[in-house]
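Student: Sharing query.tsv here; it has TSV, N, CA and C atoms.
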```tsv
chain	number	residue	atom	x	y	z
A	1	GLN	N	39.10	125.42	65.00
A	1	GLN	CA	40.09	126.14	65.80
A	1	GLN	C	39.47	126.49	67.16
A	2	VAL	N	40.20	126.18	68.21
A	2	VAL	CA	39.70	126.44	69.56
A	2	VAL	C	40.02	127.87	69.96
A	3	GLN	N	39.02	128.53	70.52
A	3	GLN	CA	39.23	129.88	71.04
A	3	GLN	C	38.55	130.01	72.39
A	4	LEU	N	39.22	130.70	73.29
A	4	LEU	CA	38.66	131.03	74.60
A	4	LEU	C	38.63	132.55	74.72
A	5	VAL	N	37.50	133.09	75.10
A	5	VAL	CA	37.36	134.54	75.21
A	5	VAL	C	36.78	134.88	76.58
A	6	GLU	N	37.53	135.66	77.35
A	6	GLU	CA	37.09	136.08	78.68
A	6	GLU	C	36.36	137.41	78.59
A	7	SER	N	35.48	137.63	79.55
A	7	SER	CA	34.81	138.92	79.68
A	7	SER	C	34.40	139.09	81.14
A	8	GLY	N	34.03	140.32	81.48
A	8	GLY	CA	33.50	140.58	82.82
A	8	GLY	C	34.46	141.28	83.76
A	9	GLY	N	35.69	141.48	83.34
A	9	GLY	CA	36.62	142.19	84.21
A	9	GLY	C	36.28	143.65	84.34
A	10	GLY	N	36.97	144.33	85.23
A	10	GLY	CA	36.71	145.75	85.42
A	10	GLY	C	37.29	146.25	86.72
A	11	LEU	N	36.85	147.45	87.08
A	11	LEU	CA	37.29	148.10	88.30
A	11	LEU	C	36.18	148.00	89.34
A	12	VAL	N	36.55	147.56	90.53
A	12	VAL	CA	35.56	147.40	91.60
A	12	VAL	C	36.21	147.78	92.92
A	13	GLN	N	35.41	148.25	93.85
A	13	GLN	CA	35.93	148.59	95.17
A	13	GLN	C	36.11	147.33	96.01
A	14	ALA	N	37.01	147.40	96.94
A	14	ALA	CA	37.23	146.29	97.86
A	14	ALA	C	35.91	145.93	98.54
A	15	GLY	N	35.67	144.64	98.64
A	15	GLY	CA	34.42	144.16	99.20
A	15	GLY	C	33.33	143.91	98.17
A	16	GLY	N	33.56	144.37	96.96
A	16	GLY	CA	32.59	144.20	95.90
A	16	GLY	C	32.69	142.86	95.21
A	17	SER	N	31.92	142.73	94.15
A	17	SER	CA	31.85	141.46	93.42
A	17	SER	C	31.98	141.68	91.92
A	18	LEU	N	32.47	140.67	91.26
A	18	LEU	CA	32.52	140.62	89.80
A	18	LEU	C	32.27	139.19	89.37
A	19	ARG	N	31.74	139.05	88.16
A	19	ARG	CA	31.56	137.72	87.58
A	19	ARG	C	32.27	137.67	86.24
A	20	LEU	N	33.24	136.80	86.15
A	20	LEU	CA	33.96	136.60	84.91
A	20	LEU	C	33.32	135.47	84.11
A	21	SER	N	33.34	135.63	82.80
A	21	SER	CA	32.82	134.59	81.91
A	21	SER	C	33.89	134.22	80.89
A	22	CYS	N	33.86	132.97	80.49
A	22	CYS	CA	34.76	132.50	79.45
A	22	CYS	C	33.94	131.69	78.45
A	23	THR	N	33.96	132.15	77.21
A	23	THR	CA	33.26	131.46	76.14
A	23	THR	C	34.25	130.63	75.35
A	24	THR	N	33.94	129.37	75.15
A	24	THR	CA	34.81	128.51	74.36
A	24	THR	C	34.15	128.23	73.02
A	25	SER	N	34.95	128.21	71.98
A	25	SER	CA	34.46	127.83	70.67
A	25	SER	C	35.43	126.83	70.07
A	26	GLY	N	34.91	125.99	69.20
A	26	GLY	CA	35.74	124.91	68.67
A	26	GLY	C	35.66	123.70	69.58
A	27	ARG	N	36.01	122.57	69.07
A	27	ARG	CA	35.89	121.33	69.81
A	27	ARG	C	37.19	121.03	70.54
A	28	ILE	N	37.09	120.78	71.84
A	28	ILE	CA	38.25	120.40	72.65
A	28	ILE	C	38.10	118.92	72.99
A	29	TYR	N	39.04	118.13	72.51
A	29	TYR	CA	38.99	116.69	72.74
A	29	TYR	C	39.77	116.33	74.00
A	30	ARG	N	39.25	115.33	74.70
A	30	ARG	CA	39.89	114.84	75.91
A	30	ARG	C	40.15	115.97	76.90
A	31	LEU	N	39.07	116.72	77.19
A	31	LEU	CA	39.17	117.83	78.14
A	31	LEU	C	39.32	117.29	79.55
A	32	ASN	N	40.34	117.77	80.25
A	32	ASN	CA	40.56	117.36	81.64
A	32	ASN	C	39.91	118.31	82.63
A	33	ALA	N	40.06	119.60	82.34
A	33	ALA	CA	39.54	120.60	83.27
A	33	ALA	C	39.51	121.96	82.58
A	34	MET	N	38.64	122.81	83.08
A	34	MET	CA	38.62	124.23	82.70
A	34	MET	C	38.99	125.01	83.95
A	35	GLY	N	39.77	126.06	83.76
A	35	GLY	CA	40.21	126.78	84.95
A	35	GLY	C	40.40	128.25	84.72
A	36	TRP	N	40.54	128.96	85.83
A	36	TRP	CA	40.88	130.37	85.84
A	36	TRP	C	42.23	130.54	86.51
A	37	TYR	N	43.09	131.29	85.87
A	37	TYR	CA	44.39	131.63	86.40
A	37	TYR	C	44.47	133.15	86.46
A	38	ARG	N	45.42	133.65	87.23
A	38	ARG	CA	45.62	135.10	87.26
A	38	ARG	C	47.11	135.41	87.36
A	39	GLN	N	47.43	136.59	86.88
A	39	GLN	CA	48.81	137.05	86.94
A	39	GLN	C	48.82	138.52	87.32
A	40	ALA	N	49.42	138.80	88.46
A	40	ALA	CA	49.57	140.17	88.92
A	40	ALA	C	50.92	140.69	88.43
A	41	PRO	N	51.08	142.00	88.35
A	41	PRO	CA	52.35	142.57	87.88
A	41	PRO	C	53.52	142.08	88.71
A	42	GLY	N	54.56	141.61	88.04
A	42	GLY	CA	55.76	141.16	88.73
A	42	GLY	C	55.65	139.79	89.38
A	43	LYS	N	54.53	139.12	89.18
A	43	LYS	CA	54.32	137.80	89.80
A	43	LYS	C	54.07	136.74	88.73
A	44	GLN	N	54.24	135.49	89.14
A	44	GLN	CA	53.97	134.39	88.23
A	44	GLN	C	52.48	134.14	88.12
A	45	ARG	N	52.10	133.56	87.01
A	45	ARG	CA	50.71	133.18	86.83
A	45	ARG	C	50.37	132.07	87.82
A	46	GLU	N	49.20	132.17	88.44
A	46	GLU	CA	48.81	131.20	89.44
A	46	GLU	C	47.40	130.70	89.20
A	47	LEU	N	47.17	129.48	89.64
A	47	LEU	CA	45.83	128.91	89.54
A	47	LEU	C	44.92	129.59	90.55
A	48	VAL	N	43.74	129.96	90.10
A	48	VAL	CA	42.72	130.51	90.99
A	48	VAL	C	41.69	129.43	91.32
A	49	ALA	N	41.14	128.83	90.27
A	49	ALA	CA	40.13	127.79	90.46
A	49	ALA	C	40.04	126.98	89.19
A	50	ARG	N	39.64	125.72	89.33
A	50	ARG	CA	39.40	124.94	88.15
A	50	ARG	C	38.28	123.95	88.42
A	51	ILE	N	37.62	123.57	87.35
A	51	ILE	CA	36.55	122.60	87.44
A	51	ILE	C	36.90	121.43	86.55
A	52	LEU	N	36.91	120.24	87.13
A	52	LEU	CA	37.32	119.05	86.40
A	52	LEU	C	36.20	118.55	85.50
A	53	SER	N	36.56	117.73	84.54
A	53	SER	CA	35.55	117.23	83.61
A	53	SER	C	34.45	116.46	84.33
A	54	GLY	N	34.79	115.87	85.47
A	54	GLY	CA	33.79	115.14	86.24
A	54	GLY	C	32.98	116.02	87.17
A	55	GLY	N	33.32	117.31	87.24
A	55	GLY	CA	32.55	118.25	88.04
A	55	GLY	C	33.21	118.69	89.32
A	56	GLY	N	34.27	118.01	89.74
A	56	GLY	CA	34.97	118.43	90.95
A	56	GLY	C	35.65	119.77	90.76
A	57	THR	N	35.90	120.45	91.87
A	57	THR	CA	36.50	121.77	91.79
A	57	THR	C	37.71	121.87	92.72
A	58	ASN	N	38.64	122.73	92.34
A	58	ASN	CA	39.79	123.06	93.17
A	58	ASN	C	39.90	124.57	93.24
A	59	TYR	N	40.32	125.07	94.40
A	59	TYR	CA	40.50	126.51	94.59
A	59	TYR	C	41.84	126.79	95.25
A	60	ALA	N	42.40	127.93	94.90
A	60	ALA	CA	43.56	128.41	95.64
A	60	ALA	C	43.11	128.77	97.05
A	61	ASP	N	43.97	128.56	98.03
A	61	ASP	CA	43.59	128.85	99.41
A	61	ASP	C	43.17	130.30	99.58
A	62	SER	N	43.79	131.18	98.82
A	62	SER	CA	43.54	132.62	98.98
A	62	SER	C	42.14	133.03	98.54
A	63	VAL	N	41.46	132.18	97.79
A	63	VAL	CA	40.13	132.56	97.28
A	63	VAL	C	39.01	131.66	97.82
A	64	LYS	N	39.37	130.64	98.56
A	64	LYS	CA	38.35	129.73	99.09
A	64	LYS	C	37.33	130.49	99.92
A	65	GLY	N	36.07	130.19	99.69
A	65	GLY	CA	35.01	130.85	100.41
A	65	GLY	C	34.57	132.17	99.81
A	66	ARG	N	35.35	132.69	98.86
A	66	ARG	CA	35.00	133.97	98.22
A	66	ARG	C	34.68	133.81	96.74
A	67	PHE	N	35.37	132.89	96.08
A	67	PHE	CA	35.20	132.69	94.64
A	67	PHE	C	34.49	131.36	94.38
A	68	THR	N	33.72	131.34	93.32
A	68	THR	CA	33.04	130.10	92.91
A	68	THR	C	33.17	129.92	91.41
A	69	ILE	N	33.65	128.76	91.00
A	69	ILE	CA	33.75	128.44	89.58
A	69	ILE	C	32.57	127.55	89.21
A	70	SER	N	32.03	127.80	88.00
A	70	SER	CA	30.94	126.98	87.52
A	70	SER	C	31.05	126.84	86.01
A	71	ARG	N	30.30	125.87	85.50
A	71	ARG	CA	30.37	125.59	84.07
A	71	ARG	C	28.96	125.32	83.55
A	72	ASP	N	28.71	125.83	82.35
A	72	ASP	CA	27.42	125.62	81.70
A	72	ASP	C	27.69	125.42	80.22
A	73	ASN	N	27.76	124.18	79.80
A	73	ASN	CA	28.08	123.83	78.42
A	73	ASN	C	29.41	124.46	78.02
A	74	ALA	N	29.39	125.38	77.05
A	74	ALA	CA	30.63	125.94	76.52
A	74	ALA	C	31.10	127.17	77.28
A	75	MET	N	30.44	127.47	78.40
A	75	MET	CA	30.80	128.65	79.19
A	75	MET	C	31.32	128.22	80.55
A	76	ILE	N	32.34	128.93	81.04
A	76	ILE	CA	32.69	128.78	82.44
A	76	ILE	C	32.67	130.17	83.08
A	77	TYR	N	32.38	130.18	84.37
A	77	TYR	CA	32.21	131.42	85.10
A	77	TYR	C	33.08	131.41	86.35
A	78	LEU	N	33.41	132.62	86.78
A	78	LEU	CA	34.07	132.77	88.07
A	78	LEU	C	33.36	133.89	88.81
A	79	GLN	N	32.59	133.52	89.81
A	79	GLN	CA	31.94	134.49	90.65
A	79	GLN	C	32.90	134.89	91.75
A	80	MET	N	33.21	136.17	91.82
A	80	MET	CA	34.20	136.66	92.79
A	80	MET	C	33.51	137.62	93.75
A	81	ASN	N	33.46	137.24	94.99
A	81	ASN	CA	32.84	138.07	96.04
A	81	ASN	C	33.89	138.50	97.05
A	82	SER	N	33.54	139.50	97.81
A	82	SER	CA	34.44	140.01	98.86
A	82	SER	C	35.83	140.25	98.31
A	83	LEU	N	35.89	140.95	97.20
A	83	LEU	CA	37.16	141.17	96.53
A	83	LEU	C	38.10	142.01	97.37
A	84	LYS	N	39.38	141.68	97.25
A	84	LYS	CA	40.43	142.38	97.98
A	84	LYS	C	41.41	142.99	96.98
A	85	SER	N	42.18	143.94	97.43
A	85	SER	CA	43.14	144.59	96.54
A	85	SER	C	44.13	143.58	95.97
A	86	GLU	N	44.44	142.56	96.76
A	86	GLU	CA	45.40	141.55	96.28
A	86	GLU	C	44.82	140.63	95.21
A	87	ASP	N	43.55	140.77	94.91
A	87	ASP	CA	42.95	140.03	93.80
A	87	ASP	C	43.18	140.72	92.46
A	88	THR	N	43.73	141.91	92.51
A	88	THR	CA	44.01	142.65	91.28
A	88	THR	C	45.00	141.88	90.42
A	89	ALA	N	44.61	141.62	89.18
A	89	ALA	CA	45.44	140.83	88.27
A	89	ALA	C	44.73	140.74	86.92
A	90	VAL	N	45.46	140.20	85.96
A	90	VAL	CA	44.83	139.78	84.71
A	90	VAL	C	44.39	138.32	84.90
A	91	TYR	N	43.14	138.06	84.61
A	91	TYR	CA	42.57	136.73	84.80
A	91	TYR	C	42.45	136.04	83.44
A	92	TYR	N	42.93	134.80	83.40
A	92	TYR	CA	42.96	134.03	82.16
A	92	TYR	C	42.12	132.77	82.31
A	93	CYS	N	41.44	132.43	81.25
A	93	CYS	CA	40.70	131.18	81.15
A	93	CYS	C	41.60	130.14	80.50
A	94	ASN	N	41.52	128.92	80.98
A	94	ASN	CA	42.36	127.84	80.46
A	94	ASN	C	41.57	126.56	80.28
A	95	ALA	N	41.88	125.85	79.21
A	95	ALA	CA	41.32	124.52	78.98
A	95	ALA	C	42.48	123.53	78.97
A	96	ASP	N	42.46	122.63	79.93
A	96	ASP	CA	43.50	121.61	80.05
A	96	ASP	C	43.01	120.33	79.36
A	97	CYS	N	43.76	119.84	78.42
A	97	CYS	CA	43.31	118.69	77.64
A	97	CYS	C	44.48	117.75	77.36
A	98	SER	N	44.15	116.54	76.89
A	98	SER	CA	45.15	115.51	76.68
A	98	SER	C	45.26	115.03	75.24
A	99	ASP	N	44.41	115.53	74.37
A	99	ASP	CA	44.44	115.11	72.98
A	99	ASP	C	45.76	115.50	72.34
A	100	PHE	N	46.20	114.77	71.31
A	100	PHE	CA	47.48	115.07	70.68
A	100	PHE	C	47.47	116.45	70.01
A	101	LEU	N	46.28	116.98	69.73
A	101	LEU	CA	46.18	118.32	69.15
A	101	LEU	C	46.28	119.42	70.21
A	102	CYS	N	46.18	119.03	71.45
A	102	CYS	CA	46.14	120.01	72.53
A	102	CYS	C	47.53	120.57	72.79
A	103	PRO	N	47.67	121.89	72.88
A	103	PRO	CA	48.97	122.46	73.23
A	103	PRO	C	49.43	121.96	74.60
A	104	LEU	N	50.72	121.98	74.82
A	104	LEU	CA	51.29	121.44	76.05
A	104	LEU	C	50.68	122.06	77.29
A	105	ALA	N	50.47	123.37	77.26
A	105	ALA	CA	49.90	124.07	78.42
A	105	ALA	C	48.41	124.28	78.28
A	106	GLY	N	47.80	123.63	77.30
A	106	GLY	CA	46.37	123.79	77.09
A	106	GLY	C	46.07	125.03	76.26
A	107	TYR	N	44.80	125.35	76.17
A	107	TYR	CA	44.36	126.54	75.45
A	107	TYR	C	44.15	127.68	76.44
A	108	TRP	N	44.47	128.89	75.98
A	108	TRP	CA	44.36	130.07	76.84
A	108	TRP	C	43.56	131.16	76.15
A	109	GLY	N	42.87	131.93	76.97
A	109	GLY	CA	42.25	133.13	76.48
A	109	GLY	C	43.24	134.29	76.52
A	110	GLN	N	42.75	135.47	76.12
A	110	GLN	CA	43.64	136.62	76.04
A	110	GLN	C	43.73	137.36	77.38
A	111	GLY	N	42.86	137.03	78.31
A	111	GLY	CA	42.90	137.64	79.63
A	111	GLY	C	41.95	138.82	79.77
A	112	THR	N	41.50	139.03	81.00
A	112	THR	CA	40.67	140.18	81.31
A	112	THR	C	41.17	140.80	82.61
A	113	GLN	N	41.27	142.11	82.64
A	113	GLN	CA	41.84	142.82	83.79
A	113	GLN	C	40.81	142.97	84.90
A	114	VAL	N	41.21	142.62	86.10
A	114	VAL	CA	40.41	142.88	87.29
A	114	VAL	C	41.23	143.78	88.20
A	115	THR	N	40.65	144.92	88.55
A	115	THR	CA	41.32	145.87	89.43
A	115	THR	C	40.43	146.15	90.62
A	116	VAL	N	40.97	145.91	91.81
A	116	VAL	CA	40.21	146.13	93.04
A	116	VAL	C	40.84	147.31	93.77
A	117	SER	N	40.07	148.34	93.96
A	117	SER	CA	40.57	149.54	94.65
A	117	SER	C	40.26	149.45	96.14
A	118	SER	N	41.22	149.87	96.93
A	118	SER	CA	41.04	149.79	98.40
A	118	SER	C	40.54	151.10	98.96
```
In structure tokens, what does this structure look like?

Tutor:
Amino acid sequence: QVQLVESGGGLVQAGGSLRLSCTTSGRIYRLNAMGWYRQAPGKQRELVARILSGGGTNYADSVKGRFTISRDNAMIYLQMNSLKSEDTAVYYCNADCSDFLCPLAGYWGQGTQVTVSS
């Protein structure tokens, strides 16, 4: 059974930094990418960053130059610097895969709250 568990969220002042971690367990077949998404109150869930199976990365324009996604075996990380109040959201880890066992929207973690105070 595949599980994704996020950690590292919390309360930080604007301009500060946080590092989110996502631990994956279970075997994910035909993995396309691992990513971080976020959802602020009253808004749709949006892509923050993702790292492709080949190592390439994509970032939302709003976080380019401030956030860095990385991967180390079964862990993925999101280093968040120069945080702004608009970064406040629940952050979710996602595994995008193509295997027939893979859910349509991939696997998701339970989310971790990031709150940036101004």

Student: So that I can see what lies close to Thr57 (chain A), please list as a ChimeraX atom specification the residues with an atom at most 9 Å from it, counting only C-alpha atoms and leaving out residues fewer than 3 positions away in the same chain.

Tutor: /A:49-52,69-70

Student: Extract, using only C-alpha atoms, all DNA, RNA and protein residues at most 10 Å from Pro41 (chain A), discarding same-chain residues fewer than 2 positions from it, and format them as a PyMOL selection string.

Tutor: chain A and resi 39+43-45+88-90

Student: Select, from A:Cys22, A:Leu78, A:Val48, A:Met34, the residue with the minimum atom-to-atom distance to Ala60 (chain A), counting all atoms listed in the file.

Tutor: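 Of A:Cys22, A:Leu78, A:Val48, A:Met34, the one nearest Ala60 (chain A), counting all atoms listed in the file, is A:Val48.
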
Student: Residues of region 32-84 of chain A that have any atom at most 12 Å from an atom of region 98-104 of chain A: could you tabulate them with the shortest-distance atom pair and the distance in Å to one decimal, using only C-alpha atoms, ordered by chain and increasing number, as JSON lines?

Tutor:
```
{"residue": "A:Asn32", "atom": "CA", "partner": "A:Ser98", "partner_atom": "CA", "distance": 7.0}
{"residue": "A:Ala33", "atom": "CA", "partner": "A:Ser98", "partner_atom": "CA", "distance": 10.0}
{"residue": "A:Ser53", "atom": "CA", "partner": "A:Ser98", "partner_atom": "CA", "distance": 12.0}
```

Student: Generate a file of the selected residues that holds N, CA and C atoms, formatted as a compact mmCIF listing (two decimals), in the coordinates of the input.

Tutor:
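File again_7.txt, as written:
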```txt
# COMPACT_ATOMS: atom_id res chain seq x y z
N ASN A 32 40.34 117.77 80.25
CA ASN A 32 40.56 117.36 81.64
C ASN A 32 39.91 118.31 82.63
N ALA A 33 40.06 119.60 82.34
CA ALA A 33 39.54 120.60 83.27
C ALA A 33 39.51 121.96 82.58
N SER A 53 36.56 117.73 84.54
CA SER A 53 35.55 117.23 83.61
C SER A 53 34.45 116.46 84.33
```

Student: Measuring between only N, CA and C atoms, which one of A:Val5, A:Ala95, A:Val12, A:Leu20 shows the shortest distance to Gln79 (chain A)?

Tutor: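 Of all the options, A:Leu20 lies closest to Gln79 (chain A).
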
Student: List every protein, DNA or RNA residue that has an atom no more than 8 Å from (34.4, 139.9, 92.3) in the file's coordinate frame, counting all atoms listed in the file, and report them as a list in words.

Tutor: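 The residues that fall inside the cut-off are Val12, Gly15, Gly16, Ser17, Leu18, Arg19, Leu20, Arg66, Phe67, Leu78, Gln79, Met80, Asn81, Ser82, Leu83 and Lys84 of chain A.
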
Student: Quick one: everything within 10 Å of Cys93 (chain A), counting only C-alpha atoms, minus sequence neighbours fewer than 2 positions away in the same chain. Send it as JSON, numbers by chain.

Tutor: {"A": [4, 5, 6, 7, 20, 21, 22, 23, 24, 34, 35, 36, 37, 38, 49, 50, 76, 77, 78, 91, 95, 107, 108, 109, 110, 111, 112]}

Student: What separation in Å, quoted to one decimal, exists between CA of Val2 (chain A) and CA of Ser25 (chain A)?

Tutor: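 Calculated distance between CA of Val2 (chain A) and CA of Ser25 (chain A) is 5.5 Å.
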
Student: How many Å lie between CA of Asn73 (chain A) and CA of Gln3 (chain A), rounded to one decimal?

Tutor: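 Those two atoms sit 14.7 Å apart.
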